[in-house]
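For reference, the structure discussed in these notes is given below.
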Amino acid sequence: KAGKCYRLYTEKDMSKNMEKNTLPEVLRTNLSSFLLTLKALGIQNILAFDLMSIPSVPALCQGLESLYVLGAIDEKTNLTSIGHSMAEFPTEPQVSKMLLESINYNCSKEILCVAATLQVRSLFYQPRTPKQQLDYDSSMQEILDSKSDHVTCVNLLLMNDLTPLNEDDCKERFVNYLALKRANEVRKQLSNFLRRYGRIESFEASTSDDDTSSCIRKCVTAGFFSNSAKLGNDGRYYSLRGRHMVKVSASSVLERFGWSSEYIVFGETYDGAKGGIEVRFVSSIEGKWLQEIAPHFFH
């Protein structure tokens with residue numbers, strides 16, 4: 001049926017500034033996961049591998065550097081033992097490293113929750129009206145960890161294990177029911193992979209909430225230390241590598257409930273609605289953790 005199409009750009013801009021075809025994904029995404037897969041398949045010389053679209057040398061170097069700092073490859077770009085293990089997981093290398101480290105931190109049950117929530121859309125709907133904001137703040141109190149989006153999501157999934165939430169419950173709590181359901185499915189799948197490397201363990205009942213939160217946040221840092229930022233003198237956060245200014249997402253519990261920390265670690269970046277780089281899945285961390293976990297990266 002005939003109709004009208006409204007475009008938010010001029011014909012001149014379309015012909016002058018826009019590509020005729022979308023760039024292949026291999027040319028516009030982080031290559032660390034792709035390179036890890038090739039290494040696991042026994043392909044040592046990446047540059048000699050016959051790709052339809054050849055990534056740039058800087059992109060390849062960045063991908064290899066990401067794998068190196070995670071311990072997945074050695075100085076000669078050969079796959080390490082932990083690299084072989086990371087390649088078994090259907091996740092990004094940072095998530096795979098975090099999952100494997102959870103065995104050592106004895107918090108694999110909680111970190112499986114973190115990994116699952118990183119694979120889905122946001123678990124929470126954001127309030128829009130003043131009344132909704134009050135209802136949202138009230139509903140969050142039961143699961144809130146003001147220092148961490150990651151731990152808050154863990155608390156939600158573990159609470160749901162004890163008392164499953166139906167669609168009406170989720171609506172009342174501003175929880176995305178479909179995302180919660182999907183996160184539980186992903187968690188179950190990832191647990192099958194993680195069991196190959198150790199027992200799925202959780203904290204003892206006597207462990208304090210603060211100790212639980214610290215351990216989870218430290219384990220997250222073990223995988224995402226390269227996604228860290230420090231609070232500047234101007235009250236803004238700057239990434240530790242590259243000194244790029246980043247803004248904590250308005251949906252983060254750190255932003256909403258007023259917790260500020262000298263150092264943060266985040267799950268991902270995106271273009272903010274008002275420009276600049278915003279980060280989500282944020283947790284406050286201690287600066288000394290970075291030196292303990294990745295001295296080679298911050299030397």
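Ordering of the structure tokens sets the chain letters (A, B, ...), residue numbers begin anew at 1 in every chain, and ligands are numbered from 1 in the order given.
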
As a ChimeraX atom specification, list the residues of stretch 94-287 of chain A assigned to strand (DSSP E or B) by DSSP on the backbone atoms of this structure. /A:124,148,175,228-231,237-239,245-248,263-271,277-285

Limited to N, CA and C atoms, could you put the picked residues into a file as a short mmCIF file (atom, residue, chain, number, x, y, z; two decimals), in the first residue's frame?
```cif
data_model
loop_
_atom_site.label_atom_id
_atom_site.label_comp_id
_atom_site.auth_asym_id
_atom_site.auth_seq_id
_atom_site.Cartn_x
_atom_site.Cartn_y
_atom_site.Cartn_z
N PHE A 124 14.81 -3.41 35.04
CA PHE A 124 13.90 -2.47 35.69
C PHE A 124 13.37 -1.43 34.70
N SER A 148 25.89 -0.69 44.18
CA SER A 148 26.09 -1.56 43.02
C SER A 148 24.81 -1.92 42.28
N VAL A 175 9.62 -4.12 37.54
CA VAL A 175 10.52 -5.13 37.01
C VAL A 175 10.03 -5.56 35.63
N SER A 228 36.95 0.76 34.03
CA SER A 228 36.97 1.44 35.33
C SER A 228 37.18 2.93 35.12
N ALA A 229 36.70 3.69 36.08
CA ALA A 229 36.80 5.14 36.00
C ALA A 229 37.03 5.72 37.39
N LYS A 230 37.62 6.91 37.43
CA LYS A 230 37.93 7.56 38.69
C LYS A 230 37.26 8.93 38.74
N LEU A 231 36.80 9.30 39.93
CA LEU A 231 36.15 10.60 40.13
C LEU A 231 37.20 11.70 40.07
N TYR A 237 33.37 11.61 36.34
CA TYR A 237 34.17 10.40 36.23
C TYR A 237 34.95 10.39 34.91
N TYR A 238 36.19 9.90 34.99
CA TYR A 238 37.05 9.77 33.81
C TYR A 238 37.62 8.36 33.77
N SER A 239 37.54 7.74 32.60
CA SER A 239 38.07 6.38 32.47
C SER A 239 39.56 6.36 32.78
N MET A 245 35.76 11.24 29.60
CA MET A 245 34.74 11.56 30.58
C MET A 245 33.53 10.67 30.36
N VAL A 246 33.04 10.06 31.43
CA VAL A 246 31.86 9.21 31.35
C VAL A 246 30.85 9.65 32.40
N LYS A 247 29.59 9.44 32.09
CA LYS A 247 28.51 9.81 33.01
C LYS A 247 27.75 8.55 33.41
N VAL A 248 27.49 8.40 34.69
CA VAL A 248 26.73 7.26 35.18
C VAL A 248 25.28 7.40 34.71
N TYR A 263 36.15 5.36 42.84
CA TYR A 263 36.35 4.49 41.68
C TYR A 263 35.06 3.72 41.38
N ILE A 264 34.82 3.51 40.11
CA ILE A 264 33.68 2.69 39.68
C ILE A 264 34.13 1.73 38.59
N VAL A 265 33.37 0.66 38.43
CA VAL A 265 33.55 -0.25 37.31
C VAL A 265 32.19 -0.38 36.63
N PHE A 266 32.18 -0.51 35.31
CA PHE A 266 30.90 -0.52 34.58
C PHE A 266 30.88 -1.63 33.54
N GLY A 267 29.67 -2.03 33.18
CA GLY A 267 29.50 -3.13 32.25
C GLY A 267 29.59 -2.74 30.79
N GLU A 268 29.03 -1.57 30.45
CA GLU A 268 29.03 -1.16 29.05
C GLU A 268 28.86 0.35 28.94
N THR A 269 29.18 0.86 27.76
CA THR A 269 29.02 2.28 27.46
C THR A 269 28.01 2.45 26.33
N TYR A 270 27.44 3.64 26.25
CA TYR A 270 26.53 3.95 25.14
C TYR A 270 26.48 5.47 24.98
N ASP A 271 25.99 5.91 23.84
CA ASP A 271 25.88 7.34 23.57
C ASP A 271 24.73 7.92 24.38
N ILE A 277 29.45 10.17 26.69
CA ILE A 277 29.45 8.74 26.93
C ILE A 277 28.80 8.46 28.28
N GLU A 278 27.81 7.59 28.29
CA GLU A 278 27.18 7.18 29.54
C GLU A 278 27.49 5.71 29.79
N VAL A 279 27.49 5.32 31.06
CA VAL A 279 27.81 3.94 31.43
C VAL A 279 26.68 3.36 32.26
N ARG A 280 26.43 2.07 32.10
CA ARG A 280 25.41 1.38 32.89
C ARG A 280 25.97 0.08 33.45
N PHE A 281 25.19 -0.55 34.33
CA PHE A 281 25.68 -1.68 35.11
C PHE A 281 26.93 -1.24 35.87
N VAL A 282 26.73 -0.32 36.81
CA VAL A 282 27.84 0.34 37.50
C VAL A 282 27.92 -0.14 38.95
N SER A 283 29.15 -0.28 39.43
CA SER A 283 29.38 -0.60 40.84
C SER A 283 30.53 0.25 41.37
N SER A 284 30.43 0.66 42.61
CA SER A 284 31.54 1.34 43.25
C SER A 284 32.56 0.29 43.68
N ILE A 285 33.83 0.63 43.58
CA ILE A 285 34.89 -0.30 43.95
C ILE A 285 35.97 0.46 44.72
#
```

Selection: 9 Å around A:Ser213, only C-alpha atoms, excl. self and same-chain fewer than 6 positions, as a PDB file with N, CA and C atoms, in the first residue's frame:
```pdb
ATOM      1  N   ASP A 145      21.071  -2.377  46.729  1.00  0.00           N
ATOM      2  CA  ASP A 145      22.431  -2.185  47.223  1.00  0.00           C
ATOM      3  C   ASP A 145      22.895  -0.872  46.608  1.00  0.00           C
ATOM      4  N   LYS A 147      25.481   0.653  46.495  1.00  0.00           N
ATOM      5  CA  LYS A 147      26.829   0.706  45.946  1.00  0.00           C
ATOM      6  C   LYS A 147      26.953   0.001  44.601  1.00  0.00           C
ATOM      7  N   SER A 148      25.891  -0.685  44.176  1.00  0.00           N
ATOM      8  CA  SER A 148      26.095  -1.561  43.022  1.00  0.00           C
ATOM      9  C   SER A 148      24.812  -1.916  42.281  1.00  0.00           C
ATOM     10  N   VAL A 151      24.964  -5.925  42.264  1.00  0.00           N
ATOM     11  CA  VAL A 151      24.465  -6.615  43.462  1.00  0.00           C
ATOM     12  C   VAL A 151      22.952  -6.455  43.579  1.00  0.00           C
TER      13      VAL A 151
END
```

Compile the contact shell of stretch 40-42 of chain A as a CSV table (one decimal) with C-alpha atoms, in the first residue's frame: residues with an atom at most 8 Å away, counting only C-alpha atoms, same-chain residues fewer than 5 positions apart removed.
```csv
chain,number,residue,atom,x,y,z
A,79,LEU,CA,46.1,-19.2,23.9
A,84,HIS,CA,40.9,-22.1,26.5
A,87,ALA,CA,36.5,-19.8,24.8
```

Take atom CA of A:Lys20 and atom CA of A:Leu47 and report the distance between them in Å, one decimal. 26.9 Å

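Those residues that approach A:Ile200 to within 12 Å, counting only C-alpha atoms, are Leu99, Leu100, Glu101, Ser102, Ile103, Asn104, Tyr105, Asn106, Cys107, Ser108, Lys109, Glu110, Ile111, Leu112, Cys113, Arg187, Lys188, Leu190, Ser191, Asn192, Phe193, Leu194 and Arg195 of chain A; same-chain residues fewer than 5 positions away are not listed.
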
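Neighbouring residues of A:Leu156 at 10 Å or closer, counting only C-alpha atoms and skipping chain neighbours under 6 positions away, are A:Cys113, A:Leu123, A:Met140, A:Glu142, A:Ile143, A:Leu144, A:Leu165, A:Val175, A:Leu180.
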
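Across stretch 223-263 of chain A, DSSP run on the backbone finds alpha helix (DSSP H) at Gly223, Phe224, Val253, Leu254, Glu255 and Arg256 of chain A.
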
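Computed from the coordinates, the atom CA of A:Ile73 to atom CA of A:His296 distance equals 13.8 Å.
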
Applying 12 Å and only C-alpha atoms, which residues near A:Tyr177 remain after dropping the ones on its own chain fewer than 2 positions away? List them as a short mmCIF file (atom, residue, chain, number, x, y, z; two decimals) with N, CA, C and O atoms, in the first residue's frame.
```cif
data_model
loop_
_atom_site.label_atom_id
_atom_site.label_comp_id
_atom_site.auth_asym_id
_atom_site.auth_seq_id
_atom_site.Cartn_x
_atom_site.Cartn_y
_atom_site.Cartn_z
N VAL A 120 20.80 -9.46 29.01
CA VAL A 120 19.42 -9.08 28.68
C VAL A 120 19.25 -7.57 28.79
O VAL A 120 20.14 -6.85 29.22
N ARG A 121 18.08 -7.13 28.37
CA ARG A 121 17.75 -5.71 28.54
C ARG A 121 17.63 -5.40 30.03
O ARG A 121 17.61 -6.29 30.87
N SER A 122 17.52 -4.14 30.34
CA SER A 122 17.44 -3.73 31.74
C SER A 122 16.31 -4.46 32.46
O SER A 122 15.21 -4.63 31.93
N LEU A 123 16.60 -4.90 33.66
CA LEU A 123 15.60 -5.62 34.45
C LEU A 123 14.54 -4.70 35.03
O LEU A 123 13.48 -5.16 35.46
N PHE A 124 14.81 -3.41 35.04
CA PHE A 124 13.90 -2.47 35.69
C PHE A 124 13.37 -1.43 34.70
O PHE A 124 14.09 -0.94 33.84
N TYR A 125 12.08 -1.13 34.86
CA TYR A 125 11.49 0.00 34.16
C TYR A 125 11.77 1.27 34.98
O TYR A 125 11.77 1.22 36.21
N LEU A 156 17.66 -9.23 43.26
CA LEU A 156 16.37 -9.46 42.61
C LEU A 156 16.22 -10.91 42.16
O LEU A 156 15.19 -11.54 42.43
N LEU A 157 17.23 -11.44 41.51
CA LEU A 157 17.13 -12.82 41.01
C LEU A 157 17.06 -13.83 42.15
O LEU A 157 16.31 -14.81 42.07
N ASN A 160 13.66 -13.71 43.64
CA ASN A 160 12.72 -14.38 42.75
C ASN A 160 12.83 -15.90 42.86
O ASN A 160 11.85 -16.63 42.65
N PRO A 164 8.85 -16.63 43.54
CA PRO A 164 8.73 -16.26 42.12
C PRO A 164 7.72 -15.13 41.89
O PRO A 164 6.62 -15.15 42.46
N LEU A 165 8.12 -14.17 41.09
CA LEU A 165 7.26 -13.02 40.79
C LEU A 165 6.45 -13.29 39.54
O LEU A 165 7.00 -13.72 38.51
N ASN A 166 5.14 -13.03 39.61
CA ASN A 166 4.32 -13.13 38.41
C ASN A 166 4.31 -11.77 37.71
O ASN A 166 4.94 -10.81 38.16
N GLU A 167 3.57 -11.67 36.62
CA GLU A 167 3.57 -10.43 35.84
C GLU A 167 3.04 -9.25 36.65
O GLU A 167 3.56 -8.13 36.55
N ASP A 168 2.02 -9.47 37.46
CA ASP A 168 1.47 -8.38 38.28
C ASP A 168 2.47 -7.93 39.34
O ASP A 168 2.61 -6.74 39.60
N ASP A 169 3.16 -8.89 39.94
CA ASP A 169 4.19 -8.55 40.93
C ASP A 169 5.30 -7.71 40.30
O ASP A 169 5.76 -6.72 40.88
N CYS A 170 5.70 -8.12 39.12
CA CYS A 170 6.77 -7.40 38.42
C CYS A 170 6.34 -5.98 38.07
O CYS A 170 7.10 -5.02 38.21
N LYS A 171 5.10 -5.85 37.62
CA LYS A 171 4.59 -4.53 37.27
C LYS A 171 4.58 -3.62 38.49
O LYS A 171 4.94 -2.44 38.41
N GLU A 172 4.19 -4.17 39.61
CA GLU A 172 4.14 -3.38 40.85
C GLU A 172 5.53 -2.96 41.31
O GLU A 172 5.71 -1.90 41.88
N ARG A 173 6.52 -3.80 41.02
CA ARG A 173 7.90 -3.53 41.44
C ARG A 173 8.74 -2.87 40.35
O ARG A 173 9.96 -2.73 40.50
N PHE A 174 8.13 -2.50 39.23
CA PHE A 174 8.84 -1.89 38.10
C PHE A 174 9.89 -2.83 37.51
O PHE A 174 10.94 -2.40 37.04
N VAL A 175 9.62 -4.12 37.54
CA VAL A 175 10.52 -5.13 37.01
C VAL A 175 10.03 -5.56 35.63
O VAL A 175 8.83 -5.78 35.43
N ALA A 179 12.30 -9.70 30.71
CA ALA A 179 13.76 -9.67 30.91
C ALA A 179 14.15 -10.56 32.09
O ALA A 179 15.18 -11.25 32.04
N LEU A 180 13.35 -10.55 33.14
CA LEU A 180 13.62 -11.40 34.30
C LEU A 180 13.54 -12.88 33.92
O LEU A 180 14.39 -13.69 34.31
N LYS A 181 12.53 -13.22 33.15
CA LYS A 181 12.36 -14.60 32.70
C LYS A 181 13.54 -15.03 31.83
O LYS A 181 14.08 -16.14 31.98
N ARG A 182 13.95 -14.14 30.94
CA ARG A 182 15.08 -14.45 30.06
C ARG A 182 16.38 -14.57 30.86
O ARG A 182 17.20 -15.46 30.59
N ALA A 183 16.58 -13.71 31.85
CA ALA A 183 17.78 -13.76 32.67
C ALA A 183 17.88 -15.10 33.40
O ALA A 183 18.98 -15.67 33.51
N ASN A 184 16.77 -15.61 33.88
CA ASN A 184 16.77 -16.91 34.56
C ASN A 184 17.13 -18.04 33.60
O ASN A 184 17.82 -18.99 33.97
#
```

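In this comparison, which uses only C-alpha atoms, the residue of A:Phe225, A:Pro58, A:Ser139, A:Leu51 approaching A:Gln94 most closely is A:Phe225.
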
Nearest residue to A:Ala250 out of A:Gly287, A:Pro127, A:Gly3, A:Gly223, using only C-alpha atoms? A:Pro127
